[in-house]
>>> print(open('work01.cif').read())   # mmCIF, C-alpha atoms
data_data
#
loop_
_atom_site.label_atom_id
_atom_site.label_comp_id
_atom_site.auth_asym_id
_atom_site.auth_seq_id
_atom_site.Cartn_x
_atom_site.Cartn_y
_atom_site.Cartn_z
CA MET A 1 22.53 3.67 10.88
CA ASP A 2 24.96 0.75 11.20
CA GLU A 3 26.22 2.08 14.51
CA SER A 4 22.69 2.32 15.90
CA ILE A 5 21.62 -1.12 14.67
CA TYR A 6 24.76 -2.92 15.87
CA ASN A 7 24.41 -1.16 19.25
CA ILE A 8 20.87 -2.45 19.66
CA ILE A 9 21.91 -5.98 18.65
CA ARG A 10 24.83 -5.93 21.11
CA GLN A 11 22.64 -4.69 23.97
CA ARG A 12 20.07 -7.38 23.25
CA ARG A 13 22.69 -10.14 23.19
CA GLU A 14 24.02 -8.94 26.57
CA ASN A 15 20.51 -8.90 28.00
CA ALA A 16 19.07 -12.22 29.13
CA GLU A 17 15.51 -11.02 28.51
CA HIS A 18 13.90 -11.54 25.12
CA PRO A 19 10.83 -9.32 24.61
CA GLU A 20 8.39 -10.40 21.91
CA ASP A 21 9.57 -7.98 19.25
CA LEU A 22 10.95 -8.31 15.74
CA LEU A 23 14.61 -8.17 16.80
CA SER A 24 14.14 -11.04 19.26
CA LEU A 25 12.36 -13.11 16.63
CA LEU A 26 15.24 -12.57 14.20
CA MET A 27 17.84 -13.46 16.82
CA GLN A 28 16.01 -16.63 17.84
CA ALA A 29 15.18 -17.78 14.27
CA ARG A 30 16.87 -21.01 13.17
CA ASP A 31 17.55 -22.36 9.70
CA GLU A 32 15.23 -25.26 8.85
CA ASP A 33 18.10 -27.34 7.42
CA ASP A 34 20.98 -27.00 9.87
CA SER A 35 19.40 -25.12 12.85
CA SER A 36 22.00 -22.35 12.52
CA GLN A 37 21.14 -18.82 13.66
CA MET A 38 21.84 -15.49 11.99
CA ASN A 39 25.03 -13.65 12.82
CA ASP A 40 25.08 -9.93 13.65
CA LYS A 41 25.64 -8.88 10.03
CA GLN A 42 22.70 -10.96 8.77
CA ILE A 43 20.43 -9.53 11.47
CA ARG A 44 21.70 -6.05 10.61
CA ASP A 45 20.84 -6.64 6.94
CA GLU A 46 17.27 -7.66 7.76
CA ILE A 47 16.73 -4.70 10.12
CA ALA A 48 18.19 -2.26 7.56
CA THR A 49 15.89 -3.69 4.87
CA LEU A 50 12.85 -3.06 7.05
CA MET A 51 14.05 0.45 7.93
CA LEU A 52 14.77 1.44 4.33
CA ALA A 53 12.17 -0.51 2.36
CA GLY A 54 9.39 -0.89 4.86
CA HIS A 55 7.98 2.63 4.87
CA GLU A 56 8.07 4.10 1.35
CA THR A 57 6.55 1.04 -0.30
CA THR A 58 3.64 0.98 2.16
CA ALA A 59 3.15 4.74 1.84
CA ASN A 60 3.06 4.48 -1.95
CA ALA A 61 0.65 1.52 -1.83
CA LEU A 62 -1.70 3.52 0.39
CA SER A 63 -1.43 6.62 -1.82
CA TRP A 64 -2.54 4.66 -4.88
CA THR A 65 -5.24 2.97 -2.78
CA TRP A 66 -6.72 6.32 -1.73
CA MET A 67 -6.65 7.51 -5.34
CA LEU A 68 -8.58 4.41 -6.44
CA LEU A 69 -11.08 4.71 -3.58
CA ALA A 70 -11.74 8.35 -4.45
CA GLN A 71 -12.38 7.30 -8.06
CA HIS A 72 -14.69 4.43 -7.01
CA PRO A 73 -17.16 5.72 -4.40
CA GLU A 74 -19.11 2.45 -4.38
CA VAL A 75 -15.99 0.59 -3.20
CA TYR A 76 -15.27 3.34 -0.69
CA GLN A 77 -18.79 3.02 0.77
CA LYS A 78 -18.49 -0.76 1.01
CA LEU A 79 -15.26 -0.32 2.94
CA LEU A 80 -16.93 2.13 5.33
CA ASN A 81 -19.78 -0.32 5.91
CA GLU A 82 -17.28 -3.02 6.87
CA LEU A 83 -15.40 -0.68 9.22
CA ASP A 84 -18.61 0.42 10.92
CA THR A 85 -19.70 -3.20 11.39
CA VAL A 86 -16.37 -4.61 12.58
CA LEU A 87 -15.00 -1.68 14.59
CA ASP A 88 -18.10 0.16 15.84
CA ARG A 89 -16.29 3.50 16.38
CA ARG A 90 -13.10 2.11 17.94
CA SER A 91 -9.62 2.01 16.42
CA PRO A 92 -8.57 -1.19 14.65
CA THR A 93 -6.10 -3.66 16.18
CA VAL A 94 -4.14 -6.62 14.83
CA GLU A 95 -6.91 -8.91 16.11
CA ASP A 96 -9.37 -7.20 13.74
CA ILE A 97 -7.40 -8.02 10.56
CA PRO A 98 -9.08 -11.42 9.87
CA HIS A 99 -12.46 -9.64 10.02
CA LEU A 100 -11.43 -6.73 7.75
CA ARG A 101 -11.73 -8.92 4.66
CA TYR A 102 -12.84 -6.21 2.25
CA ALA A 103 -10.08 -3.84 3.39
CA ASN A 104 -7.62 -6.65 2.67
CA MET A 105 -9.10 -7.20 -0.81
CA ILE A 106 -8.85 -3.46 -1.53
CA ILE A 107 -5.14 -3.44 -0.69
CA LYS A 108 -4.52 -6.54 -2.84
CA GLU A 109 -6.36 -5.06 -5.80
CA SER A 110 -4.63 -1.71 -5.41
CA MET A 111 -1.21 -3.43 -5.43
CA ARG A 112 -2.27 -5.39 -8.50
CA LEU A 113 -2.92 -2.23 -10.49
CA TYR A 114 -0.21 -0.10 -8.87
CA PRO A 115 2.48 -2.43 -7.45
CA PRO A 116 4.73 -0.51 -5.01
CA VAL A 117 7.75 -1.92 -6.89
CA PRO A 118 6.87 -2.18 -10.61
CA LEU A 119 10.01 -4.04 -11.70
CA PHE A 120 12.57 -6.32 -10.08
CA ILE A 121 15.78 -7.94 -11.26
CA ARG A 122 17.12 -11.48 -11.07
CA ASP A 123 20.60 -12.69 -12.03
CA ALA A 124 20.67 -15.96 -13.99
CA VAL A 125 22.92 -18.38 -12.09
CA LYS A 126 23.32 -20.72 -15.08
CA ASP A 127 22.62 -20.92 -18.82
CA TYR A 128 18.91 -21.39 -19.43
CA GLU A 129 16.36 -21.44 -22.21
CA LEU A 130 12.95 -19.89 -21.60
CA GLY A 131 10.23 -19.61 -24.22
CA GLY A 132 12.75 -20.01 -27.04
CA TYR A 133 15.09 -17.36 -25.61
CA LYS A 134 18.60 -18.38 -24.57
CA ILE A 135 19.59 -16.75 -21.29
CA PRO A 136 23.31 -16.95 -20.46
CA ALA A 137 24.58 -17.24 -16.90
CA GLY A 138 25.15 -13.81 -15.37
CA CYS A 139 22.45 -12.18 -17.48
CA TYR A 140 20.10 -9.80 -15.66
CA ILE A 141 16.41 -10.66 -16.05
CA LEU A 142 13.86 -7.86 -15.58
CA ILE A 143 10.48 -9.03 -14.27
CA SER A 144 7.58 -6.57 -14.37
CA GLN A 145 4.80 -6.77 -11.81
CA TRP A 146 2.97 -4.05 -13.75
CA VAL A 147 2.78 -6.26 -16.86
CA MET A 148 1.97 -9.54 -15.08
CA HIS A 149 -0.72 -7.98 -12.88
CA ARG A 150 -2.57 -6.64 -15.94
CA HIS A 151 -2.34 -9.81 -18.04
CA PRO A 152 -5.81 -10.61 -19.49
CA LYS A 153 -5.03 -14.34 -19.41
CA TYR A 154 -5.12 -14.29 -15.62
CA PHE A 155 -7.32 -11.32 -14.72
CA GLU A 156 -10.77 -10.58 -16.12
CA ASN A 157 -11.17 -6.87 -16.95
CA PRO A 158 -7.52 -6.38 -15.93
CA GLU A 159 -7.58 -2.57 -16.13
CA LYS A 160 -10.54 -2.25 -13.76
CA PHE A 161 -10.39 -1.80 -9.98
CA ILE A 162 -12.47 -4.74 -8.67
CA PRO A 163 -11.55 -5.74 -5.09
CA GLU A 164 -14.21 -8.46 -5.19
CA ARG A 165 -12.06 -10.51 -7.58
CA TRP A 166 -10.05 -11.63 -4.50
CA GLU A 167 -13.11 -12.97 -2.67
CA GLN A 168 -12.64 -16.69 -3.44
CA ASP A 169 -8.90 -16.89 -2.62
CA LEU A 170 -7.91 -15.91 -6.17
CA GLU A 171 -4.27 -15.56 -5.12
CA LYS A 172 -4.06 -19.29 -4.37
CA GLN A 173 -5.63 -20.16 -7.73
CA LEU A 174 -3.15 -18.14 -9.79
CA PRO A 175 0.01 -19.79 -11.15
CA LYS A 176 3.21 -19.00 -9.28
CA GLY A 177 4.76 -15.75 -10.50
CA VAL A 178 1.56 -14.05 -11.71
CA TYR A 179 0.62 -11.93 -8.69
CA ILE A 180 3.95 -10.77 -7.28
CA PRO A 181 3.64 -7.38 -5.51
CA PHE A 182 6.30 -8.52 -3.01
CA GLY A 183 8.54 -10.25 -5.53
CA GLU A 184 8.97 -14.01 -5.82
CA GLY A 185 11.34 -16.86 -5.07
CA HIS A 186 14.08 -17.05 -2.43
CA ARG A 187 14.39 -13.26 -2.40
CA ILE A 188 10.71 -12.49 -1.88
CA CYS A 189 10.17 -9.43 0.33
CA PHE A 190 11.10 -10.27 3.90
CA GLY A 191 8.39 -7.92 5.22
CA GLN A 192 5.48 -9.26 3.14
CA SER A 193 3.21 -10.21 6.05
CA PHE A 194 4.18 -7.13 8.04
CA GLY A 195 3.55 -4.86 5.04
CA MET A 196 0.05 -6.27 4.43
CA MET A 197 -0.83 -5.98 8.12
CA GLU A 198 0.49 -2.43 8.22
CA ALA A 199 -1.40 -1.36 5.08
CA VAL A 200 -4.74 -2.83 6.19
CA LEU A 201 -4.50 -1.28 9.66
CA LEU A 202 -3.52 2.13 8.28
CA LEU A 203 -6.29 2.05 5.69
CA ALA A 204 -8.86 1.15 8.35
CA THR A 205 -7.55 3.73 10.84
CA ILE A 206 -7.63 6.61 8.34
CA ALA A 207 -10.88 5.66 6.57
CA ARG A 208 -12.69 5.31 9.89
CA LYS A 209 -12.04 8.97 10.74
CA PHE A 210 -11.50 10.86 7.49
CA GLN A 211 -12.88 11.27 3.99
CA LEU A 212 -10.30 11.86 1.25
CA THR A 213 -11.44 13.51 -2.00
CA LEU A 214 -9.24 13.98 -5.08
CA VAL A 215 -8.52 17.60 -5.96
CA ASP A 216 -6.81 17.25 -9.36
CA ALA A 217 -7.11 13.73 -10.75
CA ASP A 218 -5.68 14.72 -14.16
CA SER A 219 -2.27 15.59 -12.66
CA ILE A 220 -1.65 12.07 -11.32
CA ILE A 221 1.07 10.41 -13.41
CA PRO A 222 2.69 7.11 -12.35
CA GLN A 223 6.49 7.40 -12.30
CA PRO A 224 8.34 4.08 -12.23
CA SER A 225 11.56 4.45 -10.26
CA ILE A 226 12.79 1.89 -7.73
CA THR A 227 9.26 2.29 -6.40
CA LEU A 228 6.13 3.34 -8.29
CA GLN A 229 5.45 6.93 -7.27
CA PRO A 230 2.95 9.58 -8.36
CA GLN A 231 5.20 12.02 -10.24
CA HIS A 232 3.59 15.17 -8.84
CA GLY A 233 2.03 13.62 -5.76
CA ILE A 234 -1.68 12.98 -5.20
CA LYS A 235 -3.55 16.05 -4.00
CA VAL A 236 -6.61 15.43 -1.85
CA LYS A 237 -9.04 17.32 0.32
CA ILE A 238 -9.42 15.82 3.79
CA SER A 239 -12.61 16.16 5.80
CA GLN A 240 -13.59 14.58 9.08
CA ARG A 241 -16.09 11.77 8.80
CA SER A 242 -19.25 12.35 10.79
#
>>> encode(input="work01.cif", output="structure tokens")
Amino acid sequence: MDESIYNIIRQRRENAEHPEDLLSLLMQARDEDDSSQMNDKQIRDEIATLMLAGHETTANALSWTWMLLAQHPEVYQKLLNELDTVLDRRSPTVEDIPHLRYANMIIKESMRLYPPVPLFIRDAVKDYELGGYKIPAGCYILISQWVMHRHPKYFENPEKFIPERWEQDLEKQLPKGVYIPFGEGHRICFGQSFGMMEAVLLLATIARKFQLTLVDADSIIPQPSITLQPQHGIKVKISQRS
């Protein structure tokens, strides 16, 4: 993988042309403070992150989304109504994303209940006291999206799948660190915007053409690993939408 990535970076540096792709954006990006640019290793790290972390998390998020849609036919139908109105039988494009508001809310609500990464770790850089607990420097802190996303202080009916809760820009009203499907702080997921765009477009593309029905809902067991996976998968029946 390193050989392939470094090869691509080298070829791009030797080429005077800069196509409008992710690699070019990374190579042209400048630090806000000192205007420095990333070296080859830093660019390699970002590309490797996208290659390794950018597919399984989105796939898991969509799997849980389809499970929730199958369990909530009224939400499913509302999504289909939006797709029929916005797309009118054509495939979705990036330009459609601002108009696919309900699809976006569905993804946000799905990641609230089933965050692709249910737990992340931070390393305390100095001694600190938080809520009466003394945290020494070097101590690992475990932060659970699963717990925060279901906190009744911040979410009404926290166990229920209600995409409409995101209608009035709820995310902007929540305190920092409450809704954190992509992590938080300086090490927030580099691909956050890309991941949301990808998930909404995939949801719209699949839902426009196919109906997914759960086959065995009782066998679905969340398994928290590095990512939150269905332990035995999610079995569905796929039929073409008329």
>>> closest_residue(input="work01.cif", among="A:Ile47, A:Leu80, A:Ile221, A:Ile8", to="A:Phe190", atoms="all atoms listed in the file")
A:Ile47
>>> resolve_selection(input="work01.cif", expression="the PyMOL selection byres ((chain A and resi 155-164) around 6)", output="list in words")
Met105, Ile106, Glu109, Arg150, Pro152, Tyr154, Arg165, Trp166 and Glu167 of chain A
>>> closest_residue(input="work01.cif", among="A:Lys153, A:Arg44, A:Arg187, A:Arg30", to="A:Asn7", atoms="only C-alpha atoms")
A:Arg44
>>> atom_distance(input="work01.cif", atom1="atom CA of A:Ser63", atom2="atom CA of A:Gln231")
12.0 Å
>>> closest_residue(input="work01.cif", among="A:Val147, A:Ala29, A:Ile234, A:Gly131", to="A:Thr213", atoms="only C-alpha atoms")
A:Ile234
>>> atom_distance(input="work01.cif", atom1="atom CA of A:Pro92", atom2="atom CA of A:Ile206")
10.1 Å
>>> closest_residue(input="work01.cif", among="A:Asp34, A:Asp169, A:Glu95, A:Glu198", to="A:Ala61", atoms="all atoms listed in the file")
A:Glu198
>>> closest_residue(input="work01.cif", among="A:Gly132, A:Pro118, A:Gly195, A:Gly138", to="A:Asn104", atoms="all atoms listed in the file")
A:Gly195
>>> resolve_selection(input="work01.cif", expression="the PyMOL selection byres ((chain A and resi 126) around 7)", output="PDB file with C-alpha atoms, keeping the file's coordinate frame")
ATOM      1  CA  ALA A 124      20.670 -15.960 -13.990  1.00  0.00           C
ATOM      2  CA  VAL A 125      22.920 -18.380 -12.090  1.00  0.00           C
ATOM      3  CA  ASP A 127      22.620 -20.920 -18.820  1.00  0.00           C
ATOM      4  CA  TYR A 128      18.910 -21.390 -19.430  1.00  0.00           C
ATOM      5  CA  PRO A 136      23.310 -16.950 -20.460  1.00  0.00           C
ATOM      6  CA  ALA A 137      24.580 -17.240 -16.900  1.00  0.00           C
TER       7      ALA A 137
END
>>> resolve_selection(input="work01.cif", expression="the PyMOL selection byres ((chain A and resi 38) around 12)", output="PyMOL selection string")
chain A and resi 9+23-31+34-37+39-46
>>> residues_near_point(input="work01.cif", point="(-12.7, 3.1, 7.5)", cutoff="6 Å", atoms="only C-alpha atoms", output="list in words")
Leu80, Leu83, Ala204, Ala207 and Arg208 of chain A
